[in-house]
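Peer 1: Just so it is clear, I am handing over start.tsv, which has TSV, C-alpha atoms and all ligand atoms.
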```
chain	number	residue	atom	x	y	z
A	127	MET	CA	3.67	-19.97	-10.75
A	128	ARG	CA	0.32	-18.69	-12.05
A	129	ILE	CA	-0.52	-15.72	-9.85
A	130	VAL	CA	-3.62	-13.55	-9.44
A	131	VAL	CA	-3.07	-9.94	-8.32
A	132	THR	CA	-6.20	-8.09	-7.17
A	133	GLY	CA	-5.74	-4.34	-7.55
A	134	GLY	CA	-3.18	-5.11	-10.26
A	135	ALA	CA	-3.82	-1.83	-12.13
A	136	GLY	CA	-3.06	0.25	-9.05
A	137	PHE	CA	0.15	1.95	-8.01
A	138	VAL	CA	1.69	-0.90	-5.95
A	139	GLY	CA	-0.17	-3.66	-7.81
A	140	SER	CA	1.27	-2.69	-11.20
A	141	HIS	CA	4.83	-2.66	-9.83
A	142	LEU	CA	4.17	-6.05	-8.26
A	143	CYS	CA	2.94	-7.40	-11.63
A	144	ASP	CA	6.19	-6.18	-13.24
A	145	ARG	CA	8.24	-7.93	-10.57
A	146	LEU	CA	6.30	-11.22	-10.77
A	147	LEU	CA	6.66	-11.25	-14.56
A	148	ALA	CA	10.39	-10.53	-14.23
A	149	GLU	CA	10.63	-13.57	-11.92
A	150	GLY	CA	9.12	-15.70	-14.71
A	151	HIS	CA	5.60	-16.09	-13.28
A	152	THR	CA	2.32	-15.81	-15.19
A	153	VAL	CA	0.14	-12.97	-13.89
A	154	ILE	CA	-3.60	-12.33	-13.99
A	155	ALA	CA	-4.44	-8.82	-12.77
A	156	LEU	CA	-7.97	-8.14	-11.55
A	157	ASP	CA	-9.12	-4.55	-11.07
A	158	ASN	CA	-12.30	-2.47	-11.28
A	159	LEU	CA	-10.23	0.70	-11.87
A	160	ILE	CA	-11.95	2.61	-9.07
A	161	THR	CA	-8.63	4.21	-8.10
A	162	GLY	CA	-6.30	2.43	-10.54
A	163	SER	CA	-5.70	2.91	-14.25
A	164	THR	CA	-4.88	0.75	-17.23
A	165	ASP	CA	-2.14	3.33	-17.94
A	166	ASN	CA	-0.18	1.59	-15.15
A	167	ILE	CA	-0.20	-1.71	-17.04
A	168	ALA	CA	-0.32	-0.43	-20.64
A	169	HIS	CA	3.33	-1.45	-21.11
A	170	LEU	CA	2.30	-5.08	-20.42
A	171	ALA	CA	-0.18	-5.24	-23.30
A	172	GLY	CA	0.90	-8.02	-25.62
A	173	ASN	CA	2.94	-9.81	-22.92
A	174	LYS	CA	1.80	-13.44	-23.24
A	175	SER	CA	2.41	-14.08	-19.54
A	176	PHE	CA	0.10	-11.25	-18.50
A	177	GLN	CA	-3.67	-10.92	-18.55
A	178	PHE	CA	-5.90	-8.13	-17.26
A	179	ILE	CA	-9.49	-8.82	-16.24
A	180	TYR	CA	-11.84	-5.96	-15.41
A	181	GLN	CA	-13.48	-7.25	-12.24
A	182	ASP	CA	-14.92	-5.96	-9.01
A	183	VAL	CA	-13.49	-8.45	-6.50
A	184	THR	CA	-16.39	-7.96	-4.11
A	185	GLU	CA	-18.28	-10.13	-6.64
A	186	TYR	CA	-17.62	-13.86	-7.17
A	187	ILE	CA	-14.22	-14.37	-8.81
A	188	TYR	CA	-14.04	-17.02	-11.50
A	189	ILE	CA	-10.63	-17.90	-12.89
A	190	ALA	CA	-10.26	-20.88	-15.22
A	191	GLY	CA	-7.38	-23.29	-14.62
A	192	GLU	CA	-4.80	-23.56	-11.89
A	193	VAL	CA	-3.79	-20.72	-9.62
A	194	ASP	CA	-0.75	-21.02	-7.36
A	195	GLY	CA	-0.85	-17.63	-5.64
A	196	VAL	CA	-3.24	-14.77	-4.87
A	197	PHE	CA	-1.93	-11.34	-3.90
A	198	HIS	CA	-4.89	-9.35	-2.56
A	199	LEU	CA	-4.12	-5.64	-3.01
A	200	ALA	CA	-7.50	-4.32	-4.15
A	201	SER	CA	-8.58	-1.35	-2.00
A	202	PRO	CA	-8.60	2.42	-2.29
A	203	ALA	CA	-5.73	3.55	-0.08
A	204	SER	CA	-5.56	7.34	0.01
A	205	PRO	CA	-7.13	9.33	2.87
A	206	ILE	CA	-8.93	11.47	0.24
A	207	ASP	CA	-10.86	8.32	-0.72
A	208	PHE	CA	-12.04	7.65	2.85
A	209	PRO	CA	-14.90	10.23	2.86
A	210	THR	CA	-15.89	9.67	-0.79
A	211	LEU	CA	-15.63	5.86	-1.09
A	212	PRO	CA	-16.29	4.62	2.47
A	213	ILE	CA	-18.69	1.83	1.50
A	214	GLN	CA	-16.53	0.63	-1.41
A	215	ILE	CA	-13.55	0.51	0.98
A	216	MET	CA	-15.43	-1.52	3.58
A	217	LYS	CA	-16.83	-3.82	0.91
A	218	VAL	CA	-13.50	-4.56	-0.71
A	219	GLY	CA	-11.83	-5.10	2.69
A	220	ALA	CA	-14.59	-7.44	3.82
A	221	LEU	CA	-16.36	-9.01	0.81
A	222	GLY	CA	-13.37	-8.63	-1.51
A	223	THR	CA	-11.04	-10.32	0.97
A	224	HIS	CA	-13.60	-13.09	1.43
A	225	LYS	CA	-13.84	-13.66	-2.32
A	226	ALA	CA	-10.07	-13.56	-2.81
A	227	LEU	CA	-9.62	-16.05	0.04
A	228	GLY	CA	-12.36	-18.20	-1.50
A	229	LEU	CA	-10.42	-18.23	-4.77
A	230	ALA	CA	-7.24	-19.27	-2.92
A	231	LYS	CA	-9.16	-22.01	-1.11
A	232	ALA	CA	-10.77	-23.34	-4.31
A	233	LYS	CA	-7.42	-23.44	-6.10
A	234	GLY	CA	-5.24	-24.54	-3.17
A	235	ALA	CA	-3.23	-21.34	-3.72
A	236	ARG	CA	-1.06	-19.34	-1.35
A	237	PHE	CA	-2.67	-16.02	-0.32
A	238	LEU	CA	-1.06	-12.71	0.59
A	239	LEU	CA	-3.06	-9.86	2.13
A	240	ALA	CA	-1.85	-6.30	1.62
A	241	SER	CA	-2.60	-4.88	5.05
A	242	THR	CA	-1.42	-1.56	6.38
A	243	SER	CA	0.25	0.37	9.17
A	244	GLU	CA	-3.23	1.89	9.62
A	245	VAL	CA	-4.20	-1.18	11.65
A	246	TYR	CA	-2.12	0.55	14.37
A	247	GLY	CA	-4.31	3.69	14.03
A	248	ASP	CA	-2.90	6.73	15.85
A	249	PRO	CA	-0.32	4.64	17.71
A	250	GLU	CA	0.52	4.90	21.39
A	251	VAL	CA	3.56	2.65	20.91
A	252	HIS	CA	6.49	3.96	18.90
A	253	PRO	CA	7.96	2.59	16.67
A	254	GLN	CA	5.24	0.08	15.90
A	255	PRO	CA	6.07	-3.64	16.23
A	256	GLU	CA	3.73	-6.32	14.84
A	257	THR	CA	2.76	-7.26	18.42
A	258	TYR	CA	1.05	-3.86	18.96
A	259	TRP	CA	-2.76	-4.15	18.70
A	260	GLY	CA	-3.37	-0.58	17.67
A	261	HIS	CA	-5.38	2.50	18.60
A	262	VAL	CA	-8.17	2.98	16.07
A	263	ASN	CA	-11.29	5.15	16.20
A	264	PRO	CA	-13.84	2.84	14.55
A	265	ILE	CA	-16.37	5.61	13.85
A	266	GLY	CA	-13.92	8.33	12.77
A	267	PRO	CA	-13.20	9.28	9.12
A	268	ARG	CA	-10.31	6.80	8.85
A	269	GLY	CA	-12.27	4.00	10.55
A	270	VAL	CA	-13.66	2.66	7.26
A	271	TYR	CA	-10.19	1.87	5.98
A	272	ASP	CA	-8.57	0.85	9.27
A	273	GLU	CA	-11.40	-1.45	10.33
A	274	ALA	CA	-11.74	-2.95	6.83
A	275	LYS	CA	-8.07	-3.92	6.95
A	276	ARG	CA	-8.37	-5.21	10.52
A	277	PHE	CA	-11.35	-7.32	9.43
A	278	ALA	CA	-9.32	-8.51	6.42
A	279	GLU	CA	-6.48	-9.63	8.70
A	280	ALA	CA	-8.93	-11.46	10.98
A	281	MET	CA	-10.61	-13.14	7.99
A	282	THR	CA	-7.23	-14.17	6.58
A	283	MET	CA	-6.28	-15.79	9.89
A	284	ALA	CA	-9.69	-17.50	10.08
A	285	TYR	CA	-9.14	-19.07	6.64
A	286	HIS	CA	-5.64	-20.02	7.71
A	287	ARG	CA	-6.87	-21.71	10.89
A	288	ILE	CA	-10.09	-23.29	9.62
A	289	HIS	CA	-9.34	-24.02	5.95
A	290	LYS	CA	-5.56	-24.44	6.38
A	291	ILE	CA	-4.89	-21.89	3.63
A	292	ASP	CA	-1.24	-20.92	3.28
A	293	THR	CA	-1.52	-17.20	4.11
A	294	ARG	CA	0.73	-14.15	4.49
A	295	ILE	CA	-0.07	-10.71	5.91
A	296	ILE	CA	2.10	-7.73	5.02
A	297	ARG	CA	1.61	-4.47	6.94
A	298	ILE	CA	2.67	-1.80	4.49
A	299	PHE	CA	3.87	1.61	5.70
A	300	ASN	CA	3.63	4.80	3.56
A	301	THR	CA	4.98	3.85	0.15
A	302	TYR	CA	5.65	6.19	-2.77
A	303	GLY	CA	7.01	6.08	-6.29
A	304	PRO	CA	6.21	6.44	-9.98
A	305	ARG	CA	2.60	5.70	-11.07
A	306	MET	CA	0.94	7.28	-8.04
A	307	ARG	CA	-2.05	9.30	-9.26
A	308	ILE	CA	-1.18	12.98	-9.66
A	309	LYS	CA	-4.35	13.81	-7.72
A	310	ASP	CA	-3.98	10.85	-5.36
A	311	GLY	CA	-4.22	13.15	-2.33
A	312	ARG	CA	-1.46	11.43	-0.38
A	313	VAL	CA	1.38	13.62	0.74
A	314	VAL	CA	4.02	12.55	-1.80
A	315	PRO	CA	1.99	13.16	-4.99
A	316	ASN	CA	0.45	16.31	-3.48
A	317	PHE	CA	3.81	17.87	-2.60
A	318	ILE	CA	5.54	16.86	-5.83
A	319	SER	CA	2.78	18.16	-8.09
A	320	GLN	CA	2.50	21.39	-6.10
A	321	ALA	CA	6.28	21.86	-6.27
A	322	LEU	CA	6.37	21.23	-10.02
A	323	ARG	CA	3.67	23.87	-10.48
A	324	GLY	CA	5.75	26.29	-8.39
A	325	GLU	CA	3.09	26.46	-5.67
A	326	PRO	CA	3.57	26.39	-1.88
A	327	LEU	CA	3.28	22.90	-0.40
A	328	THR	CA	0.13	22.32	1.68
A	329	VAL	CA	1.40	21.19	5.09
A	330	TYR	CA	-1.49	19.98	7.27
A	331	GLY	CA	-1.37	21.06	10.91
A	332	ASP	CA	2.01	22.39	12.03
A	333	GLY	CA	3.82	19.66	10.10
A	334	SER	CA	5.26	18.07	13.24
A	335	GLN	CA	3.47	14.77	12.58
A	336	THR	CA	5.85	12.14	11.27
A	337	ARG	CA	5.86	9.48	8.57
A	338	SER	CA	8.43	7.02	7.24
A	339	PHE	CA	8.52	6.72	3.47
A	340	THR	CA	9.28	3.52	1.56
A	341	PHE	CA	10.20	3.47	-2.11
A	342	VAL	CA	7.97	1.12	-4.09
A	343	SER	CA	10.79	-1.18	-5.26
A	344	ASP	CA	11.76	-1.81	-1.61
A	345	LEU	CA	8.14	-2.63	-0.76
A	346	VAL	CA	7.78	-5.03	-3.69
A	347	GLU	CA	11.01	-6.79	-2.69
A	348	GLY	CA	9.69	-7.25	0.88
A	349	MET	CA	6.31	-8.41	-0.41
A	350	TYR	CA	7.86	-10.98	-2.71
A	351	ARG	CA	10.21	-12.26	-0.02
A	352	LEU	CA	7.32	-12.62	2.42
A	353	PHE	CA	5.23	-14.46	-0.16
A	354	MET	CA	8.11	-16.89	-0.79
A	355	SER	CA	8.73	-17.40	2.96
A	356	ASP	CA	6.76	-19.60	5.34
A	357	VAL	CA	5.84	-16.77	7.74
A	358	PHE	CA	2.06	-16.59	8.23
A	359	THR	CA	2.01	-13.99	11.01
A	360	PRO	CA	1.97	-10.27	10.04
A	361	VAL	CA	5.21	-8.61	8.97
A	362	ASN	CA	5.81	-4.85	8.81
A	363	ILE	CA	7.44	-3.63	5.62
A	364	GLY	CA	8.49	0.00	5.67
A	365	ASN	CA	11.45	2.30	5.84
A	366	PRO	CA	12.26	3.14	9.48
A	367	ASN	CA	13.74	6.58	8.69
A	368	GLU	CA	11.21	8.97	10.19
A	369	TYR	CA	10.63	12.55	8.99
A	370	SER	CA	8.28	15.27	10.13
A	371	ILE	CA	5.96	16.38	7.33
A	372	LEU	CA	7.56	19.82	7.49
A	373	GLN	CA	11.04	18.32	7.02
A	374	PHE	CA	9.67	16.27	4.16
A	375	ALA	CA	8.16	19.38	2.52
A	376	GLU	CA	11.54	21.10	2.73
A	377	MET	CA	13.17	18.10	1.08
A	378	VAL	CA	10.64	18.12	-1.79
A	379	ASN	CA	11.19	21.85	-2.31
A	380	SER	CA	14.95	21.34	-2.35
A	381	VAL	CA	14.86	18.36	-4.78
A	382	THR	CA	12.52	20.21	-7.18
A	383	GLY	CA	14.07	23.67	-6.75
A	384	ASN	CA	10.66	25.05	-5.73
A	385	LYS	CA	11.00	28.50	-4.16
A	386	ALA	CA	7.33	28.89	-3.11
A	387	GLY	CA	7.81	27.43	0.39
A	388	VAL	CA	4.92	25.96	2.34
A	389	THR	CA	1.44	26.95	3.44
A	390	PHE	CA	-0.31	25.55	6.51
A	391	GLU	CA	-3.78	23.98	6.34
A	392	PRO	CA	-5.91	22.32	9.04
A	393	LEU	CA	-4.88	18.86	10.20
A	394	PRO	CA	-7.46	16.23	9.16
A	395	LYS	CA	-9.32	14.52	12.02
A	396	ASP	CA	-7.59	11.46	13.55
A	397	ASP	CA	-4.42	12.07	11.51
A	398	PRO	CA	-1.81	9.79	13.14
A	399	LYS	CA	0.81	11.87	14.98
A	400	ARG	CA	3.74	9.51	14.57
A	401	ARG	CA	4.40	6.52	12.41
A	402	ARG	CA	7.54	4.44	12.05
A	403	PRO	CA	7.80	0.71	11.52
A	404	ASP	CA	9.77	-1.57	13.79
A	405	ILE	CA	11.28	-3.80	11.10
A	406	SER	CA	13.24	-6.17	13.36
A	407	LYS	CA	10.95	-9.02	12.32
A	408	ALA	CA	11.37	-8.37	8.56
A	409	ARG	CA	15.14	-8.22	9.07
A	410	ARG	CA	15.14	-11.44	11.08
A	411	VAL	CA	12.71	-13.63	9.12
A	412	LEU	CA	13.09	-12.23	5.58
A	413	GLY	CA	16.58	-10.73	5.66
A	414	TRP	CA	14.84	-7.62	4.27
A	415	GLU	CA	15.60	-3.98	4.79
A	416	PRO	CA	15.04	-0.96	2.56
A	417	ALA	CA	17.78	-0.09	0.09
A	418	VAL	CA	16.58	3.18	-1.49
A	419	PRO	CA	17.27	6.40	0.45
A	420	LEU	CA	14.42	8.94	0.47
A	421	GLU	CA	16.23	11.55	-1.59
A	422	LYS	CA	17.07	9.03	-4.32
A	423	GLY	CA	13.51	7.63	-4.48
A	424	LEU	CA	12.13	11.13	-4.45
A	425	LYS	CA	14.27	12.16	-7.44
A	426	GLN	CA	12.98	9.18	-9.45
A	427	THR	CA	9.40	9.97	-8.47
A	428	VAL	CA	9.81	13.65	-9.35
A	429	ALA	CA	11.20	12.68	-12.77
A	430	SER	CA	8.20	10.41	-13.41
A	431	PHE	CA	5.77	13.15	-12.32
A	432	ARG	CA	7.51	15.63	-14.62
A	433	ARG	CA	6.90	13.26	-17.52
A	434	ALA	CA	3.28	12.62	-16.49
A	435	ILE	CA	2.45	16.31	-16.03
A	436	GLY	CA	4.48	17.25	-19.11
A	437	MET	CA	6.85	19.67	-17.29
B	1	LIG	P1	-4.13	2.15	-5.49
B	1	LIG	O1	-5.42	2.85	-5.26
B	1	LIG	O2	-3.20	2.68	-6.51
B	1	LIG	O3	-4.40	0.62	-5.84
B	1	LIG	C1	-5.51	-0.10	-5.40
B	1	LIG	C2	-6.15	-0.80	-6.60
B	1	LIG	O4	-7.26	-1.59	-6.16
B	1	LIG	C3	-6.67	0.18	-7.64
B	1	LIG	O5	-6.18	-0.16	-8.92
B	1	LIG	C4	-8.19	0.03	-7.55
B	1	LIG	O6	-8.85	0.31	-8.76
B	1	LIG	C5	-8.31	-1.43	-7.11
B	1	LIG	N1	-9.58	-1.76	-6.47
B	1	LIG	C6	-10.17	-1.12	-5.42
B	1	LIG	N2	-11.34	-1.70	-5.12
B	1	LIG	C7	-11.50	-2.76	-5.98
B	1	LIG	C8	-12.50	-3.74	-6.16
B	1	LIG	N3	-13.61	-3.79	-5.41
B	1	LIG	N4	-12.32	-4.68	-7.13
B	1	LIG	C9	-11.20	-4.67	-7.91
B	1	LIG	N5	-10.22	-3.74	-7.78
B	1	LIG	C10	-10.37	-2.79	-6.82
B	1	LIG	O7	-3.41	2.06	-4.06
B	1	LIG	P2	-2.00	1.46	-3.67
B	1	LIG	O8	-1.25	2.50	-2.95
B	1	LIG	O9	-1.36	0.81	-4.84
B	1	LIG	O10	-2.41	0.35	-2.61
B	1	LIG	C11	-2.42	-1.03	-2.93
B	1	LIG	C12	-2.70	-1.85	-1.68
B	1	LIG	O11	-1.66	-1.63	-0.71
B	1	LIG	C13	-4.01	-1.46	-0.98
B	1	LIG	O12	-4.61	-2.63	-0.47
B	1	LIG	C14	-3.56	-0.58	0.15
B	1	LIG	O13	-4.46	-0.61	1.23
B	1	LIG	C15	-2.23	-1.20	0.51
B	1	LIG	N6	-1.35	-0.22	1.16
B	1	LIG	C16	-0.72	0.75	0.42
B	1	LIG	C17	0.07	1.68	1.07
B	1	LIG	C18	0.81	2.74	0.31
B	1	LIG	O14	1.46	3.57	0.96
B	1	LIG	N7	0.79	2.77	-1.00
B	1	LIG	C19	0.22	1.63	2.45
B	1	LIG	C20	-0.46	0.65	3.17
B	1	LIG	C21	-1.23	-0.29	2.50
B	2	LIG	N1	-0.31	15.79	4.45
B	2	LIG	C1	0.05	17.12	4.31
B	2	LIG	N2	-0.23	17.75	3.14
B	2	LIG	C2	-0.84	17.13	2.10
B	2	LIG	C3	-1.19	15.77	2.22
B	2	LIG	C4	-0.93	15.13	3.41
B	2	LIG	O1	0.61	17.72	5.24
B	2	LIG	O2	-1.04	17.80	1.06
B	2	LIG	C5	0.01	15.09	5.69
B	2	LIG	C6	-1.13	14.31	6.33
B	2	LIG	O3	-1.92	15.13	7.17
B	2	LIG	C7	-0.39	13.22	7.08
B	2	LIG	C8	0.86	12.98	6.23
B	2	LIG	O4	1.00	14.12	5.38
B	2	LIG	O5	0.02	13.71	8.35
B	2	LIG	C9	0.76	11.73	5.35
B	2	LIG	O6	-0.47	11.79	4.68
B	2	LIG	P1	-0.91	10.74	3.57
B	2	LIG	O7	-2.23	11.20	3.06
B	2	LIG	O8	0.18	10.57	2.58
B	2	LIG	O9	-1.06	9.33	4.31
B	2	LIG	P2	-1.37	8.84	5.81
B	2	LIG	O10	-0.05	8.47	6.35
B	2	LIG	O11	-1.98	9.95	6.62
B	2	LIG	O12	-2.29	7.71	5.62
```
Before anything else, please render the file you have as structure tokens.
Ligand code: NAD
Ligand code: UDP
Peer 2:
Amino acid sequence: MRIVVTGGAGFVGSHLCDRLLAEGHTVIALDNLITGSTDNIAHLAGNKSFQFIYQDVTEYIYIAGEVDGVFHLASPASPIDFPTLPIQIMKVGALGTHKALGLAKAKGARFLLASTSEVYGDPEVHPQPETYWGHVNPIGPRGVYDEAKRFAEAMTMAYHRIHKIDTRIIRIFNTYGPRMRIKDGRVVPNFISQALRGEPLTVYGDGSQTRSFTFVSDLVEGMYRLFMSDVFTPVNIGNPNEYSILQFAEMVNSVTGNKAGVTFEPLPKDDPKRRRPDISKARRVLGWEPAVPLEKGLKQTVASFRRAIGM
């Protein structure tokens, strides 16, 4: 297949490009590098099946020739980007999704939207099944991201219903791994880089809030299986093993041998208290479940951060 990946120079997007190429597909990555980096795809330079185009996908997307698939991943994704890039986030979720869907429509291509567990907001239902409609503060600091993704899901379903586009929606839960930005601001890169510098880990609030962490290779496997399936309704992909942030900090300190402990900082507004995917649907319709335990994925990520930081 000839596949377009928006956000292809990002953390997840670059791993997806690697996987698609390994499956024998031709890949065109589009990215405006707002939060991504060509470092993530530098190893693909010279690969005849791969092309990178610098493009803001909120603008009209022109691709010559046939396209069989569009994976739409373009969007800043870290909470530190929400206050600094709110308009860019809303534009890429709305206009960017519209343009990417327009490309899929023009080419008769299958379309996959990278949605998020954030559509569930600060959830009142635990764990979160796909049938839960969510609990989002539209005007809070996270609203720009959550509502952009909710709009993107609605737009995807509208194109599916009206234009009969073959669509997929993946709801991704916290994913980590090599190639995350050192200063990404999300908890995994923050804790690992602090630990490698021998600093205390910055736990927000009392650290009792929970998350469930998915290693990037597990996510990419789920994403690829969903794309290849015929399931057009949303599917959660995430690791259901739930940890408090304090437990997670202790694990990072133990894996890295950091003796500096933790320090407590204020909890950001609207920070979800609990998050864990119900993955019964992914198990049932995709035969998917995560394979990489947290400690193993963490060790690989720590090793990659050591190389990146030069420690
Ligand atoms: P990332 O920031 O590393 O990747 C996003 C990429 O999109 C970047 O390379 C960025 O430059 C690009 N981009 C942003 N706006 C663009 C625009 N207007 N035009 C072209 N390119 C643009 O983040 P990530 O963690 O790899 O996330 C990838 C996708 O997965 C995002 O859509 C995100 O919302 C979704 N997601 C990720 C997670 C996670 O835990 N990593 C969780 C839920 C959802
Ligand atoms: N967090 C933390 N210390 C940090 C960064 C994040 O305690 O240095 C917390 C954050 O408040 C949240 C959890 O870790 O409860 C996960 O945050 P992240 O930014 O990775 O993503 P989120 O799941 O909130 O979108």
Peer 1: If you take every atom of ligand LIG 2 (chain B) that the file lists and fit an axis-aligned box around them with 4 Å extra on each side, what centre and edge lengths come out in Å to one decimal, as AutoDock Vina command-line options?
Peer 2:
```
--center_x -0.6 --center_y 12.8 --center_z 4.7 --size_x 11.3 --size_y 18.1 --size_z 15.3
```
Peer 1: Check which residues fall inside 7 Å of ligand LIG 1 (chain B) when counting all atoms listed in the file, and print them as a VMD selection string.
Peer 2: chain A and resid 132 to 139 156 to 163 181 to 184 199 to 204 214 to 215 218 222 240 to 243 297 to 302 306
Peer 1: Can you tell me which residues sit at most 7 Å away from ligand LIG 2 (chain B), counting only C-alpha atoms and all ligand atoms, written as a PyMOL selection string?
Peer 2: chain A and resi 204-205+300+311-314+316-317+327-331+333+335-337+371+393-394+397-399
Peer 1: Do a neighbour search on region 338-343 of chain A at 9 Å with only C-alpha atoms, toss out local chain neighbours closer than 5 positions, and write the hits as an MDAnalysis selection string.
Peer 2: chainID A and resid 137:138 141:142 145 298:304 348 363:370 401:403 416:420 423:424
Peer 1: Quick one: of A:Glu421, A:Glu376, A:Glu250, A:Asp292, who's nearest to Met354 (chain A), counting only C-alpha atoms?
Peer 2: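 Ranking A:Glu421, A:Glu376, A:Glu250, A:Asp292 by distance to Met354 (chain A), first place goes to A:Asp292.
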Peer 1: Just to confirm, what's the straight-line distance from CA of Gly191 (chain A) to CA of Lys233 (chain A) in Å (one decimal)?
Peer 2: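 Pair CA of Gly191 (chain A) / CA of Lys233 (chain A) returns 8.5 Å.
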Peer 1: For a cutoff of 6 Å around the file-coordinate point (-1.9, -17.3, -1.3), which residues qualify once you count all atoms listed in the file? I'd like the result as a PyMOL selection string.
Peer 2: chain A and resi 195-196+230+235-238+292-293
Peer 1: Mind giving me the straight-line distance from CA of Gln373 (chain A) to CA of Asp332 (chain A) in Å, one decimal?
Peer 2: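 Answer for the CA of Gln373 (chain A) to CA of Asp332 (chain A) separation: 11.1 Å.
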